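> Pasting a structure below so you can have a look.
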Amino acid sequence: MISRRNLLAQGAAFAGGLAFTGTDAEAQLKRKDTDPEFAVTNSRIKQSIMGWCFNDQFDSDKMANTLQLAKYCKEIGIVGMEGIPRDAYPAVRKMGLNISLVSSHGFAQGPCNPEFREKVMEELLTGIEVAKEVDCKSVITFTGMKFDGMDSDKAALDCVDTWKEVMPAAEKAGVNIVLEHLNSRDDTHPMKGHPGYFGDDVDFCAELIRRVDSPNFKLLFDIYHVSVMNGDVIRRIQQYQEIIGHYHTAGNPGRAELDDTQEINYPPILEAILETGYEDYVAQEFIPTWDDPVLALRNAAQLCDI
């Protein structure tokens with residue numbers, strides 16, 4: 001019989017034996033089994049990348065940086081890019097990569113605030129036209145940030161009414177508008193969390209989508225943001241599978257690599273995504289912290305190539 005005291009003592013000794021600090025911890029926790037020459041082979045998951053995460057990683061010039069990132073994507077077997085300058089679209093497509101998502105009005109100035117209604121509509125309509133031109137299936141949208149004196153019920157109604165105005169154009173073009181849920185919990189970095197974001201509850205975003213009531217209005221399920229705000233990721237994927245039109249990844253906490261320093265277990269999540277019959281893009285949207293950002297990208301691609 002093992003007493004509770006002995007068990008605790010053994011646990012403490014075990015923990016002490018594993019103790020390490022600083023760069024040693026970082027080295028041991030990173031996925032050192034990543035093949036530096038890895039390229040996607042299974043392709044069950046159609047992988048894309050969010051370009052803003054790799055801003056200035058390879059070149060201070062935005063176009064040169066984007067094209068260098070595109071080159072690495074081709075080598076790794078990532079098939080799409082998003083969150084890149086629109087003037088880079090022709091060159092990226094010429095390299096054989098797809099545009100997986102077209103940007104629009106940004107997360108801060110959204111339709112929850114009547115002040116931005118016309119701007120949101122204009123940018124979504126433009127995004128629909130761009131998506132049609134580059135053979136892209138989706139345009140992103142956001143609720144926007146809360147503002148002084150906001151009434152939540154009216155803000156929700158304003159969102160729904162604004163999106164309903166642009167849906168006929170999206171439906172005619174065969175383009176989806178995808179609403180991204182963002183976390184408002186992480187306040188450590190302007191792109192790791194968005195305090196004050198109106199659509200910070202994925203269940204609320206799903207309700208907004210149902211109220212718009214269009215087959216072309218869908219949910220952008222960001223696994224990182226859902227993990228931070230709601231959790232129960234696989235069950236929510238199953239629950240909302242009919243309205244999910246796009247996925248984003250990142251490690252939690254910190255929105256960093258998909259490595260052993262974070263709590264999200266991606267392989268079973270990706271299996272759950274495939275089990276729903278989803279066939280569109282899963283975009284890597286982590287902020288690299290490794291010394292070698294290309295190896296970090298290979299690691300994410302390798303982990304997701306299930």
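In the structure tokens, chains take the letters A, B, ... in the order shown, each chain's residues start at 1, and ligands count up from 1 in the order shown.
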Hey, what does DSSP flag as alpha helix (DSSP H) within region 44-245 of chain A? Can you give it to me as JSON, numbers by chain?
{"A": [62, 63, 64, 65, 66, 67, 68, 69, 70, 71, 72, 73, 74, 75, 76, 89, 90, 91, 92, 93, 94, 117, 118, 119, 120, 121, 122, 123, 124, 125, 126, 127, 128, 129, 130, 131, 132, 133, 152, 153, 154, 155, 156, 157, 158, 159, 160, 161, 162, 163, 164, 165, 166, 167, 168, 169, 170, 171, 172, 173, 202, 203, 204, 205, 206, 207, 208, 209, 210, 211, 212, 223, 224, 225, 226, 227, 228, 229, 233, 234, 235, 236, 237, 238, 239]}
> Hey, what's within 7 Å of region 59-72 of chain A if we count only C-alpha atoms and toss same-chain stuff fewer than 4 positions away? As a list of chain:residue names, please?
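Once the nearby chain positions are removed, what remains is A:Ile76, A:Ile84, A:Ala88, A:Val92.
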> Could you please determine the separation between CA of His181 (chain A) and CA of Met81 (chain A) in Å, to one decimal place?
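These two atoms are separated by 20.0 Å.
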> List as a tab-separated table (two decimals) with N, CA and C atoms, in the first residue's frame the protein and nucleic acid residues near Pro215 (chain A), meaning an atom at most 12 Å away when only C-alpha atoms are counted, but skip any in the same chain fewer than 6 places from it.

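The result, written out as out23.tsv:
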```
chain	number	residue	atom	x	y	z
A	164	LYS	N	-27.01	41.88	-42.86
A	164	LYS	CA	-28.10	41.50	-43.76
A	164	LYS	C	-28.09	42.35	-45.03
A	167	MET	N	-25.47	40.72	-47.40
A	167	MET	CA	-25.56	39.30	-47.72
A	167	MET	C	-26.05	39.00	-49.14
A	168	PRO	N	-26.99	39.78	-49.71
A	168	PRO	CA	-27.38	39.49	-51.10
A	168	PRO	C	-26.20	39.52	-52.06
A	170	ALA	N	-23.03	38.93	-51.25
A	170	ALA	CA	-22.20	37.76	-50.96
A	170	ALA	C	-22.80	36.50	-51.55
A	171	GLU	N	-24.09	36.34	-51.39
A	171	GLU	CA	-24.77	35.16	-51.92
A	171	GLU	C	-24.67	35.10	-53.44
A	172	LYS	N	-24.84	36.24	-54.09
A	172	LYS	CA	-24.75	36.29	-55.55
A	172	LYS	C	-23.35	35.93	-56.03
A	174	GLY	N	-21.25	34.05	-54.41
A	174	GLY	CA	-20.83	32.75	-53.90
A	174	GLY	C	-19.72	32.86	-52.88
A	175	VAL	N	-19.72	33.95	-52.12
A	175	VAL	CA	-18.68	34.24	-51.13
A	175	VAL	C	-19.31	34.20	-49.73
A	176	ASN	N	-18.57	33.65	-48.77
A	176	ASN	CA	-19.01	33.65	-47.38
A	176	ASN	C	-18.46	34.85	-46.64
A	177	ILE	N	-19.29	35.44	-45.79
A	177	ILE	CA	-18.81	36.40	-44.80
A	177	ILE	C	-18.64	35.61	-43.51
A	178	VAL	N	-17.43	35.64	-42.93
A	178	VAL	CA	-17.15	34.85	-41.74
A	178	VAL	C	-16.88	35.78	-40.55
A	209	ILE	N	-25.11	34.89	-35.95
A	209	ILE	CA	-25.09	34.24	-37.27
A	209	ILE	C	-26.47	33.64	-37.58
A	242	GLU	N	-22.20	23.21	-38.45
A	242	GLU	CA	-22.98	23.62	-39.60
A	242	GLU	C	-22.75	25.08	-39.99
A	243	ILE	N	-22.26	25.89	-39.05
A	243	ILE	CA	-22.08	27.31	-39.36
A	243	ILE	C	-20.61	27.74	-39.39
A	244	ILE	N	-19.67	26.81	-39.20
A	244	ILE	CA	-18.25	27.17	-39.22
A	244	ILE	C	-17.76	27.23	-40.66
A	245	GLY	N	-17.14	28.36	-41.01
A	245	GLY	CA	-16.65	28.55	-42.36
A	245	GLY	C	-15.14	28.71	-42.47
```
> DSSP on the backbone: what in region 166-206 of chain A comes out strand (DSSP E or B), as JSON, numbers by chain?
{"A": [176, 177, 178, 179, 180, 197]}
> Dump N, CA and C atoms for the selected residues as a short mmCIF file (atom, residue, chain, number, x, y, z; two decimals), in the first residue's frame?

```cif
data_model
loop_
_atom_site.label_atom_id
_atom_site.label_comp_id
_atom_site.auth_asym_id
_atom_site.auth_seq_id
_atom_site.Cartn_x
_atom_site.Cartn_y
_atom_site.Cartn_z
N ASN A 176 -18.57 33.65 -48.77
CA ASN A 176 -19.01 33.65 -47.38
C ASN A 176 -18.46 34.85 -46.64
N ILE A 177 -19.29 35.44 -45.79
CA ILE A 177 -18.81 36.40 -44.80
C ILE A 177 -18.64 35.61 -43.51
N VAL A 178 -17.43 35.64 -42.93
CA VAL A 178 -17.15 34.85 -41.74
C VAL A 178 -16.88 35.78 -40.55
N LEU A 179 -17.65 35.60 -39.51
CA LEU A 179 -17.55 36.43 -38.30
C LEU A 179 -16.57 35.82 -37.33
N GLU A 180 -15.55 36.61 -36.96
CA GLU A 180 -14.55 36.07 -36.03
C GLU A 180 -14.85 36.47 -34.60
N TYR A 197 -13.84 44.00 -26.85
CA TYR A 197 -14.45 43.50 -28.08
C TYR A 197 -15.86 42.98 -27.78
#
```
> List as JSON, numbers by chain the protein and nucleic acid residues near region 142-144 of chain A, meaning an atom at most 6 Å away when only C-alpha atoms are counted, but skip any in the same chain fewer than 3 places from it.
{"A": [107, 108, 109, 110, 111, 112, 179, 180, 199]}
> I want to know what sits within 10 Å of Ala173 (chain A), based on only C-alpha atoms, with residues of the same chain fewer than 6 positions away left out; could you give that as a PyMOL selection string?
chain A and resi 128-129+131-133+137+167+216
